[in-house]
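**Q** So I've got this file, coords-v3.txt, and it contains compact mmCIF, C-alpha atoms:
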```
# COMPACT_ATOMS: atom_id res chain seq x y z
CA MET A 1 148.12 107.27 28.22
CA PRO A 2 150.08 110.22 26.74
CA ASN A 3 153.79 109.76 26.60
CA PRO A 4 156.23 112.10 28.33
CA ALA A 5 158.10 114.49 26.07
CA PRO A 6 161.76 113.75 25.40
CA SER A 7 164.24 116.18 26.88
CA ALA A 8 166.05 118.37 24.33
CA PRO A 9 169.07 120.56 24.94
CA PHE A 10 168.12 124.12 24.11
CA ASP A 11 170.90 125.35 21.85
CA ALA A 12 170.14 129.04 21.54
CA GLY A 13 173.11 129.47 19.21
CA ALA A 14 171.75 126.87 16.79
CA LEU A 15 168.34 128.52 16.76
CA ILE A 16 170.01 131.77 15.75
CA ASP A 17 172.60 130.45 13.29
CA ASP A 18 170.55 127.60 11.81
CA PRO A 19 166.97 127.99 13.06
CA TYR A 20 165.19 126.05 10.34
CA GLY A 21 167.61 123.14 10.34
CA THR A 22 167.39 122.97 14.13
CA TYR A 23 163.60 123.15 14.15
CA ALA A 24 163.43 120.49 11.43
CA ARG A 25 165.46 118.08 13.56
CA LEU A 26 163.31 118.79 16.61
CA ARG A 27 160.09 118.50 14.60
CA GLU A 28 161.12 115.15 13.16
CA ALA A 29 162.25 113.78 16.52
CA ALA A 30 159.05 114.58 18.45
CA PRO A 31 156.08 116.96 18.38
CA VAL A 32 156.85 118.39 21.83
CA HIS A 33 160.15 118.86 23.63
CA ARG A 34 160.80 119.74 27.24
CA PHE A 35 163.95 121.81 27.59
CA THR A 36 165.77 124.28 29.76
CA GLY A 37 165.69 127.69 28.17
CA PRO A 38 168.55 130.20 27.96
CA ASP A 39 167.30 131.77 31.18
CA GLY A 40 167.72 128.44 33.00
CA ARG A 41 163.98 127.87 33.37
CA PRO A 42 162.00 124.89 31.99
CA ALA A 43 159.59 125.13 29.07
CA TRP A 44 157.82 122.97 26.49
CA LEU A 45 158.51 123.55 22.79
CA VAL A 46 155.81 122.60 20.23
CA THR A 47 157.06 122.23 16.65
CA ARG A 48 154.49 120.57 14.35
CA TYR A 49 151.95 122.55 12.35
CA GLU A 50 148.72 120.89 13.46
CA ASP A 51 149.71 120.96 17.13
CA VAL A 52 150.84 124.59 16.97
CA ARG A 53 147.71 125.76 15.15
CA ARG A 54 145.43 123.94 17.53
CA ALA A 55 147.28 125.26 20.58
CA LEU A 56 147.19 128.86 19.34
CA ALA A 57 143.40 128.78 19.57
CA ASP A 58 143.09 126.63 22.70
CA PRO A 59 141.35 128.62 25.50
CA ARG A 60 142.98 126.33 28.08
CA LEU A 61 146.35 127.91 27.24
CA SER A 62 146.44 131.25 29.03
CA LEU A 63 148.56 134.29 28.18
CA ASP A 64 148.14 135.75 31.65
CA LYS A 65 151.38 135.41 33.64
CA ALA A 66 149.30 135.11 36.80
CA ASN A 67 148.64 131.53 35.66
CA ALA A 68 152.33 130.61 35.48
CA ALA A 69 153.63 128.12 38.02
CA PRO A 70 156.52 129.45 40.15
CA GLY A 71 159.92 129.09 38.54
CA ASN A 72 158.67 128.98 34.95
CA TYR A 73 159.70 131.24 32.10
CA ALA A 74 157.29 134.17 31.80
CA GLY A 75 158.93 136.49 29.27
CA PHE A 76 159.77 140.15 29.79
CA SER A 77 159.66 141.48 33.32
CA LEU A 78 157.74 144.72 32.93
CA PRO A 79 155.98 147.02 35.42
CA PRO A 80 152.16 146.83 35.46
CA ALA A 81 151.89 150.10 33.52
CA LEU A 82 153.52 148.37 30.52
CA ASP A 83 152.40 144.79 31.17
CA ARG A 84 148.60 145.15 31.15
CA ASN A 85 148.49 144.59 27.41
CA LEU A 86 146.94 142.11 24.99
CA LEU A 87 149.99 139.82 25.11
CA ASN A 88 149.42 139.14 28.80
CA MET A 89 145.65 138.92 28.80
CA ASP A 90 142.79 136.43 28.34
CA PRO A 91 139.07 137.04 27.73
CA PRO A 92 137.05 138.90 28.83
CA ASP A 93 139.67 141.65 29.33
CA HIS A 94 141.39 140.73 26.07
CA THR A 95 138.08 140.92 24.18
CA ARG A 96 137.19 144.30 25.73
CA ILE A 97 140.52 145.95 24.96
CA ARG A 98 140.96 144.48 21.49
CA ARG A 99 137.51 145.77 20.55
CA LEU A 100 138.62 149.31 21.37
CA VAL A 101 141.57 149.33 19.00
CA VAL A 102 140.76 146.87 16.21
CA LYS A 103 138.99 149.52 14.11
CA ALA A 104 142.28 151.39 13.71
CA PHE A 105 143.76 148.44 11.81
CA THR A 106 140.98 147.39 9.46
CA PRO A 107 142.12 146.79 5.85
CA GLY A 108 140.09 149.79 4.69
CA ARG A 109 141.67 152.24 7.13
CA VAL A 110 145.12 150.82 6.55
CA ASP A 111 144.75 151.16 2.78
CA LYS A 112 144.26 154.91 3.24
CA LEU A 113 147.79 155.00 4.68
CA ARG A 114 149.33 153.41 1.59
CA GLU A 115 150.16 156.66 -0.21
CA PRO A 116 151.59 158.36 2.93
CA VAL A 117 153.74 155.25 3.51
CA ARG A 118 154.87 155.33 -0.10
CA LYS A 119 155.83 158.99 0.31
CA VAL A 120 157.92 158.26 3.43
CA ALA A 121 159.61 155.33 1.68
CA GLY A 122 160.55 157.55 -1.25
CA GLU A 123 161.95 160.24 1.05
CA LEU A 124 164.09 157.69 2.89
CA LEU A 125 165.56 156.45 -0.39
CA ASP A 126 166.08 160.04 -1.59
CA ALA A 127 168.28 160.59 1.46
CA ILE A 128 170.67 157.74 0.61
CA GLU A 129 170.45 157.40 -3.18
CA ALA A 130 173.52 159.50 -3.99
CA GLU A 131 175.72 157.46 -1.62
CA GLY A 132 175.41 154.29 -3.68
CA ARG A 133 175.54 152.06 -0.61
CA ALA A 134 173.97 151.88 2.85
CA ASP A 135 172.89 149.71 5.72
CA LEU A 136 169.35 149.22 4.44
CA LEU A 137 168.12 148.07 7.84
CA ALA A 138 169.23 151.24 9.62
CA SER A 139 168.39 153.65 6.81
CA TYR A 140 165.15 152.16 5.44
CA ALA A 141 163.68 149.05 7.09
CA ALA A 142 163.80 150.58 10.58
CA PRO A 143 162.81 154.24 10.08
CA LEU A 144 159.86 153.44 7.81
CA PRO A 145 157.77 151.46 10.36
CA ILE A 146 158.69 153.74 13.26
CA THR A 147 157.54 156.75 11.23
CA VAL A 148 154.26 155.06 10.33
CA ILE A 149 153.37 153.81 13.81
CA CYS A 150 154.45 157.06 15.48
CA ASP A 151 152.31 159.03 13.04
CA LEU A 152 149.39 156.72 13.80
CA LEU A 153 149.78 157.23 17.55
CA GLY A 154 150.67 160.88 17.28
CA VAL A 155 154.21 160.72 18.70
CA PRO A 156 156.06 164.03 18.12
CA GLN A 157 159.19 163.90 15.99
CA ASP A 158 161.55 164.91 18.79
CA LEU A 159 160.48 161.93 20.95
CA ARG A 160 161.20 159.27 18.32
CA PRO A 161 165.00 158.87 18.04
CA ASP A 162 165.62 156.97 21.28
CA PHE A 163 162.83 154.47 20.83
CA ARG A 164 164.80 151.96 18.79
CA GLY A 165 167.59 151.80 21.36
CA TRP A 166 165.10 151.05 24.12
CA THR A 167 163.37 148.29 22.15
CA ASP A 168 166.73 146.75 21.22
CA ALA A 169 167.62 146.59 24.91
CA LEU A 170 164.41 144.63 25.58
CA ILE A 171 164.62 142.24 22.63
CA THR A 172 168.35 141.50 22.78
CA PRO A 173 169.55 142.32 26.29
CA ASP A 174 173.29 142.40 26.87
CA PRO A 175 174.11 139.68 29.47
CA ALA A 176 177.20 141.64 30.47
CA ARG A 177 175.16 144.78 31.18
CA PRO A 178 171.79 143.80 32.66
CA GLU A 179 171.30 147.35 33.90
CA LEU A 180 170.64 148.48 30.32
CA MET A 181 167.36 146.58 30.19
CA LYS A 182 166.24 148.12 33.48
CA GLU A 183 167.19 151.56 32.20
CA ALA A 184 165.24 150.94 28.98
CA VAL A 185 162.11 149.94 30.92
CA GLY A 186 162.41 153.10 33.02
CA ALA A 187 162.88 155.23 29.93
CA LEU A 188 159.86 153.66 28.24
CA MET A 189 157.75 154.30 31.33
CA ARG A 190 158.72 157.97 31.33
CA PHE A 191 158.19 158.17 27.57
CA PHE A 192 154.63 156.87 27.62
CA THR A 193 153.64 158.65 30.83
CA GLY A 194 154.80 161.95 29.36
CA LEU A 195 153.23 161.27 25.96
CA ILE A 196 149.83 160.45 27.47
CA ALA A 197 149.96 163.54 29.67
CA SER A 198 150.70 165.76 26.67
CA LYS A 199 147.87 164.19 24.66
CA ARG A 200 145.47 164.73 27.54
CA ALA A 201 146.42 168.40 27.64
CA ALA A 202 146.25 168.83 23.86
CA PRO A 203 144.41 165.99 22.05
CA GLY A 204 145.21 165.43 18.39
CA ASP A 205 143.79 163.57 15.43
CA ASP A 206 145.54 160.30 16.33
CA LEU A 207 144.89 156.88 17.79
CA LEU A 208 146.38 157.61 21.21
CA SER A 209 144.16 160.67 21.68
CA ASP A 210 141.16 158.50 20.79
CA LEU A 211 142.17 155.88 23.36
CA ILE A 212 142.64 158.55 26.03
CA ALA A 213 139.14 159.82 25.28
CA VAL A 214 137.82 156.29 25.84
CA ARG A 215 139.79 156.02 29.08
CA ASP A 216 138.58 159.36 30.42
CA GLY A 217 135.04 159.27 29.01
CA ASP A 218 132.09 156.92 29.25
CA GLY A 219 133.80 154.02 27.45
CA GLY A 220 132.28 154.77 24.08
CA GLU A 221 130.23 152.27 22.13
CA GLY A 222 129.52 149.21 24.24
CA GLY A 223 130.68 150.96 27.41
CA ASP A 224 134.19 149.50 27.20
CA ARG A 225 136.66 151.19 29.53
CA LEU A 226 140.42 151.24 30.03
CA SER A 227 142.31 151.48 33.29
CA GLU A 228 145.30 153.82 33.30
CA ASP A 229 147.70 150.84 33.23
CA GLU A 230 145.75 149.32 30.33
CA LEU A 231 145.96 152.59 28.41
CA THR A 232 149.72 152.91 28.90
CA SER A 233 150.31 149.22 28.16
CA LEU A 234 148.22 149.35 24.99
CA ALA A 235 150.16 152.35 23.68
CA PHE A 236 153.40 150.52 24.47
CA LEU A 237 152.25 147.34 22.68
CA ILE A 238 151.06 149.16 19.55
CA LEU A 239 154.30 151.10 19.24
CA PHE A 240 156.61 148.24 20.23
CA ALA A 241 155.01 145.47 18.15
CA GLY A 242 154.10 147.73 15.25
CA TYR A 243 157.69 148.81 14.94
CA GLU A 244 159.83 145.83 15.91
CA ASN A 245 158.19 143.07 13.89
CA THR A 246 157.75 145.13 10.73
CA VAL A 247 161.41 146.20 10.71
CA HIS A 248 162.54 142.59 10.51
CA LEU A 249 159.77 141.52 8.15
CA ILE A 250 160.95 144.16 5.64
CA ALA A 251 164.66 143.43 6.07
CA ASN A 252 164.19 139.64 5.89
CA ALA A 253 162.10 140.07 2.75
CA VAL A 254 164.78 142.23 1.11
CA LEU A 255 167.40 139.60 1.91
CA ALA A 256 165.16 136.92 0.41
CA LEU A 257 164.92 138.97 -2.77
CA LEU A 258 168.69 139.43 -2.90
CA ASP A 259 169.06 135.65 -2.53
CA HIS A 260 166.49 134.98 -5.30
CA PRO A 261 167.27 137.27 -8.26
CA VAL A 262 164.85 135.51 -10.62
CA LEU A 263 162.00 136.24 -8.21
CA THR A 264 163.22 139.82 -7.84
CA ASP A 265 163.16 140.37 -11.61
CA SER A 266 159.69 138.85 -11.79
CA LEU A 267 158.31 141.12 -9.07
CA ARG A 268 159.97 144.18 -10.57
CA ALA A 269 158.24 143.42 -13.87
CA ASN A 270 154.95 142.54 -12.15
CA PRO A 271 154.53 144.48 -8.87
CA ALA A 272 151.01 143.11 -8.53
CA GLY A 273 152.64 139.88 -7.35
CA LEU A 274 154.10 141.56 -4.27
CA ALA A 275 151.05 140.93 -2.07
CA SER A 276 151.38 137.19 -2.60
CA ALA A 277 155.16 137.35 -2.19
CA VAL A 278 154.86 139.12 1.17
CA GLU A 279 152.69 136.27 2.48
CA GLU A 280 155.36 133.80 1.43
CA PHE A 281 158.14 135.89 2.99
CA MET A 282 156.22 135.77 6.28
CA ARG A 283 155.85 132.01 6.09
CA TRP A 284 159.38 131.34 4.90
CA ASP A 285 161.38 133.61 7.21
CA GLY A 286 159.07 135.63 9.44
CA PRO A 287 160.22 137.95 12.24
CA THR A 288 158.55 136.01 15.07
CA PRO A 289 159.87 132.45 15.47
CA LEU A 290 157.92 131.83 18.69
CA ALA A 291 154.42 132.84 19.70
CA ILE A 292 154.02 134.59 23.05
CA ARG A 293 154.39 132.06 25.89
CA ARG A 294 151.32 130.32 27.24
CA PHE A 295 150.39 128.64 30.53
CA PRO A 296 147.93 125.71 30.71
CA LEU A 297 145.02 126.34 33.06
CA GLU A 298 144.86 122.57 33.57
CA ASN A 299 146.89 119.57 32.45
CA VAL A 300 146.73 119.73 28.65
CA GLU A 301 147.64 117.11 26.07
CA ILE A 302 149.60 118.46 23.09
CA GLY A 303 150.87 116.08 20.43
CA GLY A 304 150.33 113.10 22.70
CA VAL A 305 152.27 114.74 25.55
CA THR A 306 150.71 115.92 28.80
CA VAL A 307 151.85 119.41 29.78
CA PRO A 308 151.17 120.17 33.45
CA ALA A 309 149.09 123.19 34.46
CA GLY A 310 151.09 126.39 34.91
CA GLU A 311 154.18 125.31 32.99
CA THR A 312 155.45 127.37 30.05
CA VAL A 313 154.47 126.41 26.50
CA LEU A 314 156.32 127.90 23.53
CA LEU A 315 154.68 127.43 20.14
CA SER A 316 157.17 127.55 17.28
CA LEU A 317 155.64 129.45 14.38
CA ALA A 318 158.90 129.06 12.47
CA ALA A 319 158.86 125.27 12.79
CA ALA A 320 155.15 125.02 11.98
CA ASN A 321 155.49 127.17 8.86
CA ARG A 322 158.06 124.75 7.44
CA ASP A 323 156.30 121.54 8.39
CA PRO A 324 156.40 119.29 5.28
CA HIS A 325 153.17 117.62 6.37
CA HIS A 326 151.36 120.89 5.69
CA PHE A 327 153.49 122.73 3.13
CA SER A 328 154.97 120.99 0.09
CA GLU A 329 158.74 121.55 -0.14
CA PRO A 330 158.54 124.00 2.77
CA ASP A 331 162.18 125.15 2.57
CA ARG A 332 161.64 126.45 -0.96
CA LEU A 333 160.60 130.10 -1.36
CA ASP A 334 157.61 130.06 -3.72
CA PRO A 335 155.13 132.97 -3.81
CA ASN A 336 152.82 130.87 -5.99
CA ARG A 337 152.43 128.03 -3.50
CA ASP A 338 149.32 127.34 -1.46
CA ARG A 339 150.17 129.14 1.76
CA SER A 340 146.69 128.91 3.24
CA GLY A 341 146.85 128.78 6.98
CA HIS A 342 150.41 129.99 7.50
CA LEU A 343 150.90 130.94 11.14
CA ALA A 344 153.39 133.80 10.92
CA LEU A 345 150.77 136.21 12.30
CA GLY A 346 149.24 133.75 14.73
CA HIS A 347 145.78 132.17 14.78
CA GLY A 348 142.63 132.46 16.84
CA ILE A 349 141.65 135.37 19.09
CA HIS A 350 145.28 136.46 19.47
CA TYR A 351 145.85 136.79 15.71
CA CYS A 352 148.10 139.80 15.08
CA LEU A 353 146.07 142.97 15.50
CA GLY A 354 148.34 144.94 13.16
CA ALA A 355 148.46 142.31 10.38
CA PRO A 356 146.88 144.56 7.70
CA LEU A 357 149.34 147.36 8.52
CA ALA A 358 152.40 145.05 8.50
CA ARG A 359 151.36 143.60 5.14
CA MET A 360 150.78 147.00 3.58
CA GLU A 361 154.03 148.52 4.90
CA THR A 362 156.13 145.59 3.69
CA GLU A 363 154.48 145.45 0.28
CA THR A 364 154.91 149.21 -0.18
CA ALA A 365 158.50 149.24 1.09
CA LEU A 366 159.48 146.50 -1.36
CA ALA A 367 157.60 148.08 -4.27
CA VAL A 368 159.33 151.46 -3.85
CA LEU A 369 162.73 149.83 -3.36
CA LEU A 370 162.41 147.70 -6.51
CA GLU A 371 161.31 150.74 -8.53
CA ARG A 372 164.04 153.03 -7.34
CA PHE A 373 167.10 150.77 -7.06
CA PRO A 374 167.11 148.28 -9.96
CA GLY A 375 170.78 147.45 -9.37
CA LEU A 376 170.34 146.57 -5.70
CA ALA A 377 172.87 144.00 -4.48
CA LEU A 378 174.39 142.78 -1.25
CA ASP A 379 177.44 144.84 -0.29
CA GLY A 380 179.74 142.15 1.06
CA LYS A 381 179.71 138.41 1.54
CA ARG A 382 176.43 136.66 2.31
CA GLU A 383 178.05 134.56 5.04
CA GLU A 384 179.17 137.67 6.89
CA LEU A 385 175.62 138.77 7.69
CA ALA A 386 174.85 138.47 11.39
CA TRP A 387 171.52 137.74 13.04
CA ARG A 388 170.36 139.24 16.30
CA PRO A 389 171.22 136.97 19.25
CA SER A 390 167.61 136.26 20.15
CA VAL A 391 165.30 133.26 19.90
CA ARG A 392 162.29 135.59 20.19
CA ALA A 393 163.03 137.68 17.12
CA ARG A 394 164.37 136.67 13.72
CA GLY A 395 166.15 139.77 12.50
CA LEU A 396 169.42 140.93 11.00
CA ILE A 397 171.81 143.21 12.84
CA SER A 398 172.51 145.07 9.60
CA LEU A 399 171.86 144.68 5.88
CA PRO A 400 174.65 146.33 3.83
CA VAL A 401 173.64 146.88 0.19
CA ARG A 402 174.83 148.82 -2.86
CA TRP A 403 173.19 150.02 -6.04
```
Show this structure as structure tokens.
**A**
Amino acid sequence: MPNPAPSAPFDAGALIDDPYGTYARLREAAPVHRFTGPDGRPAWLVTRYEDVRRALADPRLSLDKANAAPGNYAGFSLPPALDRNLLNMDPPDHTRIRRLVVKAFTPGRVDKLREPVRKVAGELLDAIEAEGRADLLASYAAPLPITVICDLLGVPQDLRPDFRGWTDALITPDPARPELMKEAVGALMRFFTGLIASKRAAPGDDLLSDLIAVRDGDGGEGGDRLSEDELTSLAFLILFAGYENTVHLIANAVLALLDHPVLTDSLRANPAGLASAVEEFMRWDGPTPLAIRRFPLENVEIGGVTVPAGETVLLSLAAANRDPHHFSEPDRLDPNRDRSGHLALGHGIHYCLGAPLARMETETALAVLLERFPGLALDGKREELAWRPSVRARGLISLPVRW
């Protein structure tokens, strides 16, 4: 008979200040922990590589919040017009909608964006070069992905500035001001409703116009269709995920380079090694510590522990990617290691749709930065850097540098 999981106090502060040490202790103690999350609701945390990888592809673990038992953690509370997206969906709806958008993110199509991304990166560095110092997160790591994903979707320039503030309010809500999250959701609803209306009136050569055509037409190849909520939710997901995760992937990678000057010199001399290095940055300190929550459709055994149907399962990508039973010396940053099977971008049918774009943007951002600013250094003390107060996202609040 499977054994019950040990209870574990959920120290959100430790997962922010010392995530990998905390996950290592949990991973060593047991494969699965039942805990009370920061929202006061129960959940099950899975920490070991083999269990996490297997669970990511297990069709008995649903992403649809309709399968959550009452009182369990379910993630963001969003209106249907933003919630009918791939992160809250199982097959066949997930298969139908993913098929409509996957062609926009093939490696071939993404590679055609490499030079435009390189141009934007250069312009961003042009704007700050004379100053000699900057918050690289605010001036480079954040505006680069938002420019790329907004260009892909066809978002006009004048509608872009407020987007980061809204996403920040969702990812790291202020407990003292809960109204800000509600206001952000309302603003995002108005943003996407207005954007879709303008694209309907005047279609452009962009992904959102193509999706609207599918929604309003015959469904295109295969007859796939979108409801209006699915259309709005898909636009929200592409913009939100394509921006948020890449910002922190770039910033975390820059910090890793600043912490490893020998590696930095090597990559500056041999930029061809950046593709491999980006994979290691994702494994070593990726932007998504936890996969999207899942709900068992039936009682499911994970790591010898039975998780009841409908309860919340959180799969720790961060813990799995540093599991010493799968990765040799996992706490060491080594772009030359065998990283096969790292889980930073997920696994199975929910593998990150925008993975080729995130890889290309990060590789290009680092290449341009290393070329342009050979004297790049941290501007201040390493221990003074602060991380966002979130267990969902691994990202810095700021990254002050000088050159």
**Q** Quick one: axis-aligned box around all listed atoms of range 153-171 of chain A, 3 Å on every side, centre and edge lengths in Å to one decimal, written as JSON.
**A**
```
{"center_x": 158.7, "center_y": 153.6, "center_z": 20.8, "size_x": 23.8, "size_y": 28.7, "size_z": 15.6}
```
**Q** Find the spatial neighbours of range 310-322 of chain A, counting all atoms listed in the file, within a cut-off of 7 Å - ignore same-chain residues fewer than 6 positions away - and output them as a PyMOL selection string.
**A** chain A and resi 20+23-24+43-49+52+67-69+72-73+283-284+289-291+293-297+330-331+342-344
**Q** If we count all atoms listed in the file, what is near Leu78 in chain A at a cut-off of 10 Å, once residues fewer than 6 positions away on the same chain are taken out, given as a ChimeraX atom specification?
**A** /A:84,170,182,185-186,189,233
**Q** Based on the selection just made, write C-alpha atoms of those residues as a PDB file, keeping the file's coordinate frame.
**A**
```
ATOM      1  CA  ARG A  84     148.600 145.150  31.150  1.00  0.00           C
ATOM      2  CA  LEU A 170     164.410 144.630  25.580  1.00  0.00           C
ATOM      3  CA  LYS A 182     166.240 148.120  33.480  1.00  0.00           C
ATOM      4  CA  VAL A 185     162.110 149.940  30.920  1.00  0.00           C
ATOM      5  CA  GLY A 186     162.410 153.100  33.020  1.00  0.00           C
ATOM      6  CA  MET A 189     157.750 154.300  31.330  1.00  0.00           C
ATOM      7  CA  SER A 233     150.310 149.220  28.160  1.00  0.00           C
TER       8      SER A 233
END
```
**Q** At what distance in Å, to one decimal, does CA of Val368 in chain A lie from CA of Leu263 in chain A?
**A** 16.1 Å
**Q** With distances taken over only C-alpha atoms, which of A:Thr106, A:Thr264, A:Thr22, A:Thr362 is nearest to Asn252 in chain A?
**A**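 So, comparing all the options, the nearest one is A:Thr362.
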**Q** Once you count all atoms listed in the file, which residues end up no further than 9 Å from (168.7, 142.2, 10.3) in the file's frame, shown as a ChimeraX atom specification?
**A** /A:137,247-248,251-252,255,385-388,394-399
**Q** State, in Å with one decimal place, the distance from CA of Ala377 in chain A to CA of Pro143 in chain A.
**A**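 According to the coordinates, CA of Ala377 in chain A and CA of Pro143 in chain A are separated by 20.4 Å.
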**Q** Point out the residue among A:Ala275, A:Leu353, A:Leu369, A:Leu195 with the least atom-to-atom distance to Val120 in chain A, counting only C-alpha atoms.
**A**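 Ranked by minimum distance to Val120 in chain A, first place goes to A:Leu369.
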**Q** Pick the closest to Val117 in chain A from A:Pro356, A:Gly40, A:Pro145, A:Pro91: which is it, counting all atoms listed in the file?
**A**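 Going through A:Pro356, A:Gly40, A:Pro145, A:Pro91 one by one, the smallest distance to Val117 in chain A is for A:Pro145.
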**Q** Kindly indicate which residue among A:Leu61, A:Pro203, A:Asp39, A:Ala127 lies nearest to Asn299 in chain A, using only C-alpha atoms for the distances.
**A**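 So, comparing all the options, the nearest one is A:Leu61.
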**Q** Save range 233-285 of chain A to disk from that block, C-alpha atoms included, as a PDB file, in the first residue's frame.
**A**
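This is the output file selection39.pdb:
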```pdb
ATOM      1  CA  SER A 233      -7.694  33.891 -23.598  1.00  0.00           C
ATOM      2  CA  LEU A 234      -5.210  32.673 -26.196  1.00  0.00           C
ATOM      3  CA  ALA A 235      -4.092  36.226 -26.977  1.00  0.00           C
ATOM      4  CA  PHE A 236      -3.699  36.854 -23.240  1.00  0.00           C
ATOM      5  CA  LEU A 237      -1.650  33.673 -22.732  1.00  0.00           C
ATOM      6  CA  ILE A 238       0.686  34.330 -25.670  1.00  0.00           C
ATOM      7  CA  LEU A 239       1.373  37.885 -24.544  1.00  0.00           C
ATOM      8  CA  PHE A 240       1.547  37.125 -20.824  1.00  0.00           C
ATOM      9  CA  ALA A 241       3.691  33.965 -20.982  1.00  0.00           C
ATOM     10  CA  GLY A 242       5.781  35.149 -23.912  1.00  0.00           C
ATOM     11  CA  TYR A 243       6.725  38.254 -22.004  1.00  0.00           C
ATOM     12  CA  GLU A 244       6.903  37.298 -18.339  1.00  0.00           C
ATOM     13  CA  ASN A 245       8.970  34.128 -18.514  1.00  0.00           C
ATOM     14  CA  THR A 246      11.466  35.449 -21.055  1.00  0.00           C
ATOM     15  CA  VAL A 247      12.150  38.595 -19.009  1.00  0.00           C
ATOM     16  CA  HIS A 248      13.323  36.506 -16.077  1.00  0.00           C
ATOM     17  CA  LEU A 249      15.117  33.937 -18.202  1.00  0.00           C
ATOM     18  CA  ILE A 250      17.257  36.725 -19.699  1.00  0.00           C
ATOM     19  CA  ALA A 251      17.883  38.504 -16.388  1.00  0.00           C
ATOM     20  CA  ASN A 252      18.685  35.275 -14.519  1.00  0.00           C
ATOM     21  CA  ALA A 253      21.089  34.294 -17.293  1.00  0.00           C
ATOM     22  CA  VAL A 254      22.865  37.661 -17.125  1.00  0.00           C
ATOM     23  CA  LEU A 255      23.245  37.281 -13.364  1.00  0.00           C
ATOM     24  CA  ALA A 256      24.666  33.783 -13.870  1.00  0.00           C
ATOM     25  CA  LEU A 257      27.233  35.231 -16.269  1.00  0.00           C
ATOM     26  CA  LEU A 258      28.167  37.966 -13.800  1.00  0.00           C
ATOM     27  CA  ASP A 259      28.645  35.272 -11.146  1.00  0.00           C
ATOM     28  CA  HIS A 260      30.795  33.135 -13.499  1.00  0.00           C
ATOM     29  CA  PRO A 261      33.343  35.411 -15.212  1.00  0.00           C
ATOM     30  CA  VAL A 262      35.361  32.515 -16.675  1.00  0.00           C
ATOM     31  CA  LEU A 263      32.246  31.275 -18.461  1.00  0.00           C
ATOM     32  CA  THR A 264      31.479  34.824 -19.600  1.00  0.00           C
ATOM     33  CA  ASP A 265      34.938  35.213 -21.145  1.00  0.00           C
ATOM     34  CA  SER A 266      34.576  31.849 -22.845  1.00  0.00           C
ATOM     35  CA  LEU A 267      31.213  32.733 -24.380  1.00  0.00           C
ATOM     36  CA  ARG A 268      32.430  36.156 -25.459  1.00  0.00           C
ATOM     37  CA  ALA A 269      35.302  34.471 -27.302  1.00  0.00           C
ATOM     38  CA  ASN A 270      33.057  31.709 -28.664  1.00  0.00           C
ATOM     39  CA  PRO A 271      29.454  32.946 -29.123  1.00  0.00           C
ATOM     40  CA  ALA A 272      28.557  29.652 -30.787  1.00  0.00           C
ATOM     41  CA  GLY A 273      28.466  28.185 -27.282  1.00  0.00           C
ATOM     42  CA  LEU A 274      25.551  30.401 -26.261  1.00  0.00           C
ATOM     43  CA  ALA A 275      22.855  27.982 -27.441  1.00  0.00           C
ATOM     44  CA  SER A 276      24.178  25.289 -25.124  1.00  0.00           C
ATOM     45  CA  ALA A 277      24.664  27.804 -22.311  1.00  0.00           C
ATOM     46  CA  VAL A 278      21.044  28.980 -22.540  1.00  0.00           C
ATOM     47  CA  GLU A 279      19.841  25.401 -22.032  1.00  0.00           C
ATOM     48  CA  GLU A 280      21.970  25.175 -18.910  1.00  0.00           C
ATOM     49  CA  PHE A 281      20.742  28.552 -17.627  1.00  0.00           C
ATOM     50  CA  MET A 282      17.176  27.240 -17.948  1.00  0.00           C
ATOM     51  CA  ARG A 283      18.010  24.087 -16.018  1.00  0.00           C
ATOM     52  CA  TRP A 284      20.122  25.802 -13.382  1.00  0.00           C
ATOM     53  CA  ASP A 285      17.952  28.822 -12.552  1.00  0.00           C
TER      54      ASP A 285
END
```
